[in-house]
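File shown: protein.csv (CSV, C-alpha atoms).
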```
chain,number,residue,atom,x,y,z
A,1,MET,CA,41.8,44.6,9.6
A,2,SER,CA,43.1,41.6,11.6
A,3,GLN,CA,40.2,39.5,10.1
A,4,ILE,CA,41.5,40.3,6.6
A,5,SER,CA,45.0,39.1,7.4
A,6,SER,CA,43.6,36.0,9.1
A,7,LEU,CA,41.5,35.3,6.0
A,8,ALA,CA,44.6,35.6,3.8
A,9,ARG,CA,46.6,33.3,6.1
A,10,VAL,CA,43.9,30.6,6.5
A,11,PHE,CA,42.9,30.4,2.9
A,12,SER,CA,46.4,30.4,1.4
A,13,TYR,CA,47.1,27.5,3.7
A,14,LEU,CA,43.9,25.7,2.8
A,15,SER,CA,44.8,26.3,-0.9
A,16,LEU,CA,47.8,23.9,-0.6
A,17,LEU,CA,45.7,21.1,0.9
A,18,THR,CA,43.3,20.8,-2.0
A,19,VAL,CA,45.1,17.8,-3.5
A,20,GLY,CA,42.6,15.8,-5.5
A,21,GLY,CA,39.7,18.3,-5.0
A,22,GLY,CA,38.5,21.0,-2.7
A,23,MET,CA,36.9,18.5,-0.3
A,24,ALA,CA,40.3,17.3,0.7
A,25,ALA,CA,40.8,20.6,2.6
A,26,PHE,CA,37.3,20.4,4.3
A,27,PRO,CA,38.4,19.0,7.7
A,28,ALA,CA,41.1,21.7,8.0
A,29,MET,CA,38.6,24.3,6.8
A,30,LYS,CA,36.1,23.3,9.4
A,31,TYR,CA,38.8,23.4,12.1
A,32,LEU,CA,40.2,26.8,11.1
A,33,THR,CA,37.0,28.7,10.1
A,34,VAL,CA,34.6,27.3,12.6
A,35,GLU,CA,36.6,26.2,15.7
A,36,VAL,CA,39.6,28.6,15.6
A,37,HIS,CA,38.2,31.8,14.1
A,38,GLY,CA,34.5,31.4,14.6
A,39,TRP,CA,33.6,33.0,11.3
A,40,LEU,CA,30.6,30.7,10.9
A,41,THR,CA,29.0,27.7,12.5
A,42,PHE,CA,29.6,24.1,11.3
A,43,LYS,CA,26.0,23.9,10.1
A,44,GLN,CA,26.4,27.1,8.1
A,45,LEU,CA,29.6,25.7,6.6
A,46,ILE,CA,27.8,22.6,5.5
A,47,HIS,CA,24.9,24.7,4.1
A,48,ILE,CA,27.1,27.0,2.0
A,49,TYR,CA,29.3,24.2,0.8
A,50,SER,CA,26.2,22.3,-0.4
A,51,VAL,CA,24.6,25.3,-2.1
A,52,GLY,CA,28.0,25.9,-3.7
A,53,GLN,CA,27.6,22.6,-5.5
A,54,MET,CA,24.8,24.1,-7.5
A,55,ALA,CA,26.8,27.1,-8.6
A,56,PRO,CA,28.7,27.0,-11.9
A,57,GLY,CA,32.5,27.2,-12.1
A,58,PRO,CA,35.1,25.9,-9.7
A,59,ASN,CA,33.2,24.1,-6.9
A,60,MET,CA,34.8,25.8,-3.9
A,61,MET,CA,33.4,29.3,-4.6
A,62,MET,CA,31.5,29.0,-1.4
A,63,ILE,CA,34.7,30.4,0.3
A,64,VAL,CA,33.4,33.8,-1.0
A,65,VAL,CA,30.6,33.6,1.6
A,66,ILE,CA,33.1,33.0,4.5
A,67,GLY,CA,35.2,35.9,3.3
A,68,GLN,CA,32.2,38.2,3.0
A,69,TRP,CA,30.9,37.4,6.5
A,70,ALA,CA,34.3,37.8,8.1
A,71,GLY,CA,35.4,40.9,6.2
A,72,GLY,CA,32.8,42.3,3.7
A,73,LEU,CA,33.6,42.8,0.1
A,74,LEU,CA,37.3,43.2,0.8
A,75,GLY,CA,37.2,40.0,2.8
A,76,ALA,CA,35.6,38.1,0.0
A,77,PHE,CA,38.2,39.4,-2.5
A,78,VAL,CA,41.1,38.5,-0.2
A,79,THR,CA,39.7,35.1,0.4
A,80,VAL,CA,39.4,34.2,-3.2
A,81,ALA,CA,42.9,35.6,-4.1
A,82,ALA,CA,44.4,33.7,-1.1
A,83,PHE,CA,42.7,30.5,-2.0
A,84,PHE,CA,43.6,30.5,-5.7
A,85,CYS,CA,47.0,32.3,-6.0
A,86,PRO,CA,49.3,29.8,-4.4
A,87,THR,CA,48.1,26.8,-6.4
A,88,ALA,CA,47.8,28.9,-9.6
A,89,LEU,CA,51.5,30.0,-9.2
A,90,LEU,CA,52.4,26.3,-8.6
A,91,ALA,CA,50.5,25.2,-11.7
A,92,PHE,CA,52.1,28.0,-13.7
A,93,ALA,CA,55.6,26.9,-12.7
A,94,VAL,CA,54.8,23.3,-13.4
A,95,ALA,CA,53.3,24.1,-16.8
A,96,ARG,CA,56.8,25.4,-17.7
A,97,GLY,CA,58.7,22.6,-16.2
A,98,TRP,CA,56.6,19.4,-16.3
A,99,ARG,CA,57.3,18.6,-20.0
A,100,LYS,CA,61.0,18.5,-19.2
A,101,LEU,CA,60.3,16.1,-16.4
A,102,GLU,CA,58.5,13.6,-18.8
A,103,LYS,CA,61.4,11.2,-18.7
A,104,TRP,CA,62.0,11.7,-14.9
A,105,PRO,CA,61.1,8.2,-13.5
A,106,TRP,CA,59.7,9.6,-10.2
A,107,ARG,CA,57.1,11.7,-12.0
A,108,LYS,CA,54.9,8.6,-12.4
A,109,SER,CA,55.7,7.5,-8.9
A,110,ILE,CA,54.4,10.8,-7.6
A,111,GLN,CA,51.2,10.6,-9.6
A,112,GLU,CA,50.5,7.0,-8.6
A,113,GLY,CA,51.4,7.6,-5.0
A,114,LEU,CA,49.4,10.7,-4.5
A,115,ALA,CA,46.2,9.2,-6.1
A,116,PRO,CA,45.2,6.9,-3.1
A,117,VAL,CA,46.1,9.7,-0.6
A,118,SER,CA,44.1,12.3,-2.4
A,119,ILE,CA,41.1,10.0,-2.6
A,120,GLY,CA,41.5,9.2,1.1
A,121,LEU,CA,41.5,12.9,1.8
A,122,LEU,CA,38.3,13.4,-0.2
A,123,LEU,CA,36.7,10.6,1.7
A,124,ALA,CA,37.8,12.0,5.0
A,125,GLY,CA,36.3,15.4,4.0
A,126,CYS,CA,33.1,13.6,3.1
A,127,PHE,CA,32.9,11.9,6.5
A,128,THR,CA,33.6,15.1,8.3
A,129,MET,CA,30.7,16.7,6.4
A,130,ALA,CA,28.4,13.7,6.8
A,131,LYS,CA,28.7,14.0,10.6
A,132,GLY,CA,26.8,17.3,10.3
A,133,ALA,CA,24.7,16.6,7.2
A,134,ILE,CA,23.4,13.1,7.9
A,135,THR,CA,21.2,13.6,10.9
A,136,GLY,CA,18.8,10.8,10.5
A,137,LEU,CA,17.2,8.1,8.3
A,138,GLU,CA,15.7,10.6,5.8
A,139,THR,CA,19.0,12.5,5.1
A,140,GLY,CA,20.8,9.2,5.0
A,141,ALA,CA,18.3,8.0,2.4
A,142,VAL,CA,18.8,11.2,0.3
A,143,ALA,CA,22.6,10.7,0.3
A,144,VAL,CA,22.4,7.0,-0.6
A,145,ALA,CA,19.9,7.7,-3.3
A,146,THR,CA,22.0,10.5,-4.8
A,147,LEU,CA,25.1,8.2,-4.8
A,148,LEU,CA,23.2,5.3,-6.5
A,149,ILE,CA,21.6,7.5,-9.1
A,150,LEU,CA,24.9,9.1,-10.0
A,151,LEU,CA,26.7,5.8,-10.3
A,152,GLN,CA,23.9,4.3,-12.4
A,153,TYR,CA,22.9,7.2,-14.7
A,154,LYS,CA,24.6,10.0,-16.6
A,155,ILE,CA,22.8,12.9,-15.0
A,156,ASN,CA,24.0,16.4,-14.2
A,157,PRO,CA,24.9,16.3,-10.5
A,158,ALA,CA,23.8,20.0,-10.1
A,159,LEU,CA,20.3,19.1,-11.1
A,160,LEU,CA,20.2,16.2,-8.6
A,161,VAL,CA,21.4,18.5,-5.8
A,162,ALA,CA,18.7,21.0,-6.8
A,163,ALA,CA,16.1,18.3,-6.8
A,164,SER,CA,17.1,17.3,-3.3
A,165,ALA,CA,16.3,20.8,-2.2
A,166,VAL,CA,12.7,20.1,-3.2
A,167,VAL,CA,12.8,16.7,-1.4
A,168,GLY,CA,14.1,18.5,1.7
A,169,LEU,CA,11.4,21.2,1.5
A,170,LEU,CA,8.6,18.6,1.2
A,171,SER,CA,9.8,16.0,3.7
A,172,LEU,CA,12.5,17.3,6.1
A,173,LYS,CA,11.2,19.5,8.8
B,1,MET,CA,33.0,15.9,-54.9
B,2,SER,CA,36.5,17.0,-55.6
B,3,ASP,CA,39.3,17.0,-53.2
B,4,ALA,CA,39.4,20.8,-53.2
B,5,ALA,CA,35.8,20.9,-52.1
B,6,ALA,CA,36.4,18.3,-49.3
B,7,ARG,CA,39.2,20.4,-48.0
B,8,PRO,CA,38.1,24.0,-48.2
B,9,GLU,CA,40.2,26.9,-46.8
B,10,VAL,CA,38.0,26.9,-43.7
B,11,HIS,CA,39.6,23.6,-42.6
B,12,ILE,CA,43.1,24.9,-43.1
B,13,GLY,CA,42.1,28.0,-41.2
B,14,GLU,CA,40.8,26.0,-38.3
B,15,VAL,CA,44.0,24.1,-37.9
B,16,ALA,CA,46.1,27.2,-38.2
B,17,ALA,CA,43.9,29.1,-35.7
B,18,PRO,CA,45.4,28.0,-32.4
B,19,THR,CA,49.0,28.9,-33.5
B,20,ALA,CA,47.8,32.3,-34.8
B,21,ALA,CA,47.7,34.1,-31.5
B,22,VAL,CA,44.4,33.9,-29.6
B,23,SER,CA,43.6,37.3,-28.1
B,24,ILE,CA,43.6,37.9,-24.4
B,25,TRP,CA,40.0,39.1,-24.7
B,26,GLU,CA,38.9,35.8,-26.4
B,27,ILE,CA,40.6,33.8,-23.7
B,28,PHE,CA,38.9,35.8,-20.9
B,29,LEU,CA,35.5,35.6,-22.6
B,30,GLU,CA,35.7,31.8,-23.3
B,31,PHE,CA,36.6,31.1,-19.7
B,32,LEU,CA,34.0,33.5,-18.4
B,33,ILE,CA,31.4,31.5,-20.4
B,34,ILE,CA,32.6,28.2,-19.0
B,35,GLY,CA,32.6,29.8,-15.5
B,36,ALA,CA,29.0,30.9,-16.0
B,37,THR,CA,27.6,27.7,-17.5
B,38,SER,CA,29.5,24.7,-16.1
B,39,PHE,CA,26.9,23.4,-13.7
B,40,GLY,CA,27.7,20.2,-12.0
B,41,GLY,CA,31.4,19.9,-12.8
B,42,VAL,CA,33.8,21.9,-15.0
B,43,VAL,CA,35.8,19.2,-16.8
B,44,PRO,CA,33.3,18.2,-19.6
B,45,TYR,CA,32.6,21.9,-20.3
B,46,LEU,CA,36.3,22.7,-20.6
B,47,ARG,CA,36.7,19.9,-23.1
B,48,GLY,CA,33.7,20.9,-25.1
B,49,SER,CA,34.8,24.5,-25.3
B,50,LEU,CA,38.6,24.3,-25.6
B,51,VAL,CA,39.0,21.1,-27.6
B,52,ILE,CA,35.8,20.7,-29.6
B,53,LYS,CA,34.5,24.3,-30.2
B,54,ARG,CA,37.7,26.4,-30.2
B,55,HIS,CA,40.4,23.8,-31.2
B,56,TRP,CA,42.8,25.7,-28.9
B,57,ILE,CA,44.3,22.5,-27.7
B,58,ASP,CA,43.9,18.9,-29.0
B,59,GLU,CA,42.5,15.9,-27.2
B,60,LYS,CA,46.0,14.5,-26.2
B,61,GLU,CA,47.1,17.9,-24.7
B,62,PHE,CA,43.8,18.1,-22.9
B,63,VAL,CA,44.2,14.7,-21.2
B,64,GLU,CA,47.8,15.5,-20.4
B,65,MET,CA,46.9,18.9,-18.8
B,66,LEU,CA,44.1,17.2,-16.9
B,67,SER,CA,46.4,14.6,-15.4
B,68,ILE,CA,48.9,17.4,-14.4
B,69,SER,CA,45.9,19.4,-12.8
B,70,GLN,CA,44.8,16.4,-10.9
B,71,SER,CA,48.2,15.6,-9.3
B,72,LEU,CA,48.8,19.2,-8.2
B,73,PRO,CA,47.1,20.9,-5.3
B,74,GLY,CA,44.4,23.2,-6.4
B,75,LEU,CA,41.0,22.6,-8.1
B,76,ASN,CA,40.9,21.0,-11.6
B,77,ALA,CA,39.0,23.9,-12.9
B,78,THR,CA,41.5,26.6,-11.9
B,79,ASN,CA,44.6,24.5,-12.6
B,80,MET,CA,43.3,23.8,-16.1
B,81,ALA,CA,42.6,27.5,-16.6
B,82,VAL,CA,46.2,28.3,-15.7
B,83,LEU,CA,47.7,25.6,-17.9
B,84,VAL,CA,45.6,26.3,-20.9
B,85,GLY,CA,46.0,30.1,-20.5
B,86,GLU,CA,49.8,29.7,-20.2
B,87,ARG,CA,49.9,27.5,-23.3
B,88,LEU,CA,47.9,30.1,-25.3
B,89,ARG,CA,49.3,33.5,-24.1
B,90,GLY,CA,51.8,33.0,-21.2
B,91,TRP,CA,51.2,34.5,-17.8
B,92,LEU,CA,48.6,37.0,-19.0
B,93,GLY,CA,46.6,34.2,-20.6
B,94,SER,CA,46.7,32.3,-17.3
B,95,THR,CA,45.6,35.4,-15.3
B,96,VAL,CA,42.6,36.2,-17.5
B,97,ALA,CA,41.6,32.5,-17.8
B,98,ILE,CA,41.5,31.9,-14.0
B,99,THR,CA,39.8,35.3,-13.4
B,100,GLY,CA,37.1,34.5,-16.1
B,101,ILE,CA,36.4,31.0,-14.8
B,102,CYS,CA,36.0,32.2,-11.2
B,103,LEU,CA,34.1,35.4,-11.7
B,104,PRO,CA,30.5,34.2,-12.3
B,105,GLY,CA,30.5,31.7,-9.5
B,106,ALA,CA,32.1,34.2,-7.1
B,107,LEU,CA,29.5,36.8,-7.8
B,108,LEU,CA,26.7,34.3,-7.5
B,109,MET,CA,28.0,33.0,-4.1
B,110,TYR,CA,28.4,36.6,-2.9
B,111,ALA,CA,24.7,37.1,-3.5
B,112,VAL,CA,24.0,33.7,-1.8
B,113,GLY,CA,26.0,35.0,1.2
B,114,ILE,CA,23.8,38.1,1.5
B,115,PHE,CA,20.6,36.1,1.0
B,116,TYR,CA,21.6,33.4,3.5
B,117,ARG,CA,22.4,36.1,6.1
B,118,LEU,CA,18.9,37.5,5.7
B,119,HIS,CA,16.8,34.4,5.3
B,120,GLY,CA,19.0,31.4,6.3
B,121,ASP,CA,17.0,30.6,9.3
B,122,HIS,CA,13.6,30.5,7.6
B,123,PRO,CA,12.2,27.0,8.2
B,124,TRP,CA,11.6,26.4,4.5
B,125,ILE,CA,15.2,27.3,3.7
B,126,THR,CA,16.5,25.2,6.5
B,127,SER,CA,14.6,22.1,5.3
B,128,ALA,CA,15.6,22.6,1.7
B,129,LEU,CA,19.2,22.9,2.8
B,130,LYS,CA,19.0,19.7,4.8
B,131,GLY,CA,18.1,17.9,1.5
B,132,VAL,CA,20.9,19.7,-0.4
B,133,ALA,CA,23.6,18.9,2.2
B,134,ALA,CA,22.6,15.2,2.2
B,135,ALA,CA,22.7,15.1,-1.6
B,136,ALA,CA,26.2,16.8,-1.5
B,137,VAL,CA,27.4,14.0,0.6
B,138,GLY,CA,26.2,11.5,-2.0
B,139,LEU,CA,27.8,13.5,-4.7
B,140,ILE,CA,31.2,13.5,-3.0
B,141,LEU,CA,30.9,9.7,-2.5
B,142,SER,CA,30.2,9.2,-6.2
B,143,THR,CA,33.3,11.2,-7.0
B,144,VAL,CA,35.3,9.0,-4.7
B,145,VAL,CA,34.0,5.9,-6.3
B,146,GLY,CA,34.7,7.2,-9.8
B,147,LEU,CA,38.2,8.2,-9.0
B,148,SER,CA,38.9,4.9,-7.2
B,149,LYS,CA,37.9,2.9,-10.2
B,150,LYS,CA,40.3,4.9,-12.4
B,151,ALA,CA,43.3,5.5,-10.1
B,152,LEU,CA,43.5,2.7,-7.6
B,153,SER,CA,45.2,-0.5,-9.0
B,154,HIS,CA,47.3,-2.1,-6.3
B,155,SER,CA,45.8,-3.5,-3.2
B,156,PHE,CA,48.2,-1.4,-1.2
B,157,ASP,CA,46.6,1.7,-2.7
B,158,PHE,CA,43.4,0.9,-0.7
B,159,ILE,CA,45.5,0.6,2.5
B,160,PHE,CA,47.0,4.1,1.8
B,161,MET,CA,43.5,5.4,1.2
B,162,ALA,CA,42.1,3.8,4.4
B,163,ALA,CA,45.1,5.0,6.4
B,164,THR,CA,44.5,8.6,5.3
B,165,VAL,CA,40.9,8.5,6.3
B,166,LEU,CA,41.6,7.0,9.7
B,167,LEU,CA,44.4,9.4,10.5
B,168,VAL,CA,42.3,12.4,9.6
B,169,ASN,CA,38.9,11.3,10.9
B,170,ARG,CA,39.8,9.1,13.9
B,171,LEU,CA,43.2,10.2,15.1
B,172,HIS,CA,42.5,13.9,14.1
B,173,TRP,CA,45.8,14.4,12.3
B,174,SER,CA,45.9,17.6,10.3
B,175,VAL,CA,45.2,17.2,6.6
B,176,LEU,CA,48.7,18.5,5.9
B,177,ARG,CA,50.4,15.9,8.2
B,178,ALA,CA,48.4,13.0,6.7
B,179,LEU,CA,49.1,14.3,3.2
B,180,VAL,CA,52.9,14.5,3.8
B,181,VAL,CA,53.3,11.3,5.8
B,182,VAL,CA,51.1,8.9,3.8
B,183,GLY,CA,52.0,10.7,0.6
B,184,ILE,CA,55.7,10.1,1.0
B,185,LEU,CA,55.1,6.4,2.0
B,186,ALA,CA,52.8,5.9,-1.0
B,187,ILE,CA,55.3,7.6,-3.4
B,188,LEU,CA,58.1,5.4,-2.1
B,189,TYR,CA,55.9,2.4,-2.5
B,190,HIS,CA,55.4,3.3,-6.2
B,191,HIS,CA,59.1,4.0,-6.6
B,192,PRO,CA,60.4,3.9,-10.2
B,193,LYS,CA,62.2,0.5,-10.0
B,194,LYS,CA,59.0,-1.2,-9.0
B,195,ALA,CA,57.2,0.3,-12.0
B,196,GLU,CA,59.9,-0.9,-14.3
B,197,LYS,CA,59.6,-4.4,-12.9
B,198,ALA,CA,55.8,-4.4,-13.3
B,199,VAL,CA,56.3,-3.5,-17.0
B,200,VAL,CA,58.7,-6.5,-17.4
B,201,ASP,CA,56.3,-8.8,-15.6
B,202,THR,CA,53.4,-8.0,-17.8
B,203,ARG,CA,55.4,-8.7,-21.0
```

With the file now loaded, output its structure as structure tokens.
Amino acid sequence: MSQISSLARVFSYLSLLTVGGGMAAFPAMKYLTVEVHGWLTFKQLIHIYSVGQMAPGPNMMMIVVIGQWAGGLLGAFVTVAAFFCPTALLAFAVARGWRKLEKWPWRKSIQEGLAPVSIGLLLAGCFTMAKGAITGLETGAVAVATLLILLQYKINPALLVAASAVVGLLSLK
Amino acid sequence: MSDAAARPEVHIGEVAAPTAAVSIWEIFLEFLIIGATSFGGVVPYLRGSLVIKRHWIDEKEFVEMLSISQSLPGLNATNMAVLVGERLRGWLGSTVAITGICLPGALLMYAVGIFYRLHGDHPWITSALKGVAAAAVGLILSTVVGLSKKALSHSFDFIFMAATVLLVNRLHWSVLRALVVVGILAILYHHPKKAEKAVVDTR
């Protein structure tokens, strides 16, 4: 039962850090789920995050796996609820109020100011993950190739991630 | 072709449809479909379904809701579900929309969790996952590049971005602390007076 309340606490906290995208919370997620609570290893976290990129829907549904391992079906449910409720309530409140704030001059300042910080957080999350995922020349090449292909061509990223599973299977032992 | 034929009742019906209440069930089903099919990023699927197929919101509203979603904490997908659901049917609309969009992925990842527990250390799975993880890093980088092109205009923006990365990765600040400290500095830098001046300057 203590695991369930820990899951609720950890994931409602992480929820509020996802400014700009789920990856922004990744360094904090690694610290809390791997180092503090030991629900999974860093390698497992990277694996399920990556597999989660191939799943449809919101791209952080990998949190279901952490909840399941730490607390079974109830754990999975609590994790999803904790991760999505705080930001959903905030979005709901803003949906009602934001239009009234259209003329408020700081609204634009907040949008413009948070943009570079949220991009920085995404990048920080990416580097945290790269430390575990890029283990040598081959994995580095896969990452760079993925980046270049996505910048150059309009291709569905989920397909590319799936294709890299085949590359991994054939060449990465 | 007469004017009447060019503008049949269907057209009028289409325009009237969004104001005539959309049922809770329809909202749930539409978001469930998006949740089950949106491989590789939800935003284009949301637009295709809500703006183009269903006409529940128009292009302008979509862009506005997306910009709100992006500046709030939370994922674009779930924030959009809440905003569109609220617009269509209030709090109940929001609730079914976010439930619908999350459900398929959640069930799939639940199955993944069980499978990984059983077979995660099989050598084939491990090498496939190495490739997948490396590609995911490339994918996040491409998101960073895309967002930077769109959202970063001042040279100071790059300093705020770099500072955030260094504080989190090198100095091991918590994400929350970096977000609050650099966020406030960046918002103050973009204070309203400056924006006004910039508008005057470009004239």

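Of the listed residues B:Leu72, B:Ser142, B:Lys130, B:Arg47, the one whose atoms come nearest to Tyr153 of chain A is B:Ser142, with distances taken using only C-alpha atoms.
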
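Put simply, atom CA of Pro56 of chain A is 24.8 Å away from atom CA of Ile134 of chain A.
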
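Distances here use only C-alpha atoms; by that measure, the residue among B:Ser155, B:Ser38, B:Thr99, B:Ser67 closest to chain A is B:Ser38.
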
* Asked: Skipping near chain neighbours, those fewer than 6 positions away, what residues fall within 9 Å of segment 87-89 of chain B using all atoms listed in the file, listed as a VMD selection string?
  -> (chain A and resid 95) or (chain B and resid 18 to 19 21 to 24 27 56 to 57)

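The nearest approach to Phe160 of chain B among the residues B:Gly100, B:Ala133, B:Ile140, B:Leu188, with all atoms listed in the file taken into account, belongs to B:Leu188.
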
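These residues, each with an atom at most 6 Å from (47.8, 10.3, -1.4) using all atoms listed in the file, are Gly113, Leu114, Ala115, Pro116, Val117 and Ser118 of chain A; Gly183 of chain B.
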
* Find the residues around Ala130 of chain A up to 10 Å (all atoms listed in the file counted), leave out those fewer than 5 positions away in its own chain, and share them as a ChimeraX atom specification. => /A:46,124-125,135,139-140,143 /B:133-134,136-138

* To do: Find the residues near segment 80-92 of chain A: any atom within 10 Å, counting all atoms listed in the file, skip ones fewer than 4 places away on the same chain, and give them as an MDAnalysis selection string.
  => (chainID A and resid 7:19 60:64 67 75:76 96:98) or (chainID B and resid 68:69 72:75 78:87 90:91 94:95 98:99 102 106)

* Asked: Pick from A:Val142, A:Val34, A:Met129, A:Met54: nearest to Ala36 of chain B, with all atoms listed in the file counted?
  -> A:Met54

* Asked: Quick one: distance from atom CA of Asn59 of chain A to atom CA of Ile110 of chain A in Å, one decimal?
  -> 25.0 Å

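Distances to Met29 of chain A were evaluated for A:Leu169, A:Ser50, A:Ile66, A:Leu147 using all atoms listed in the file, and the minimum falls at A:Ile66.
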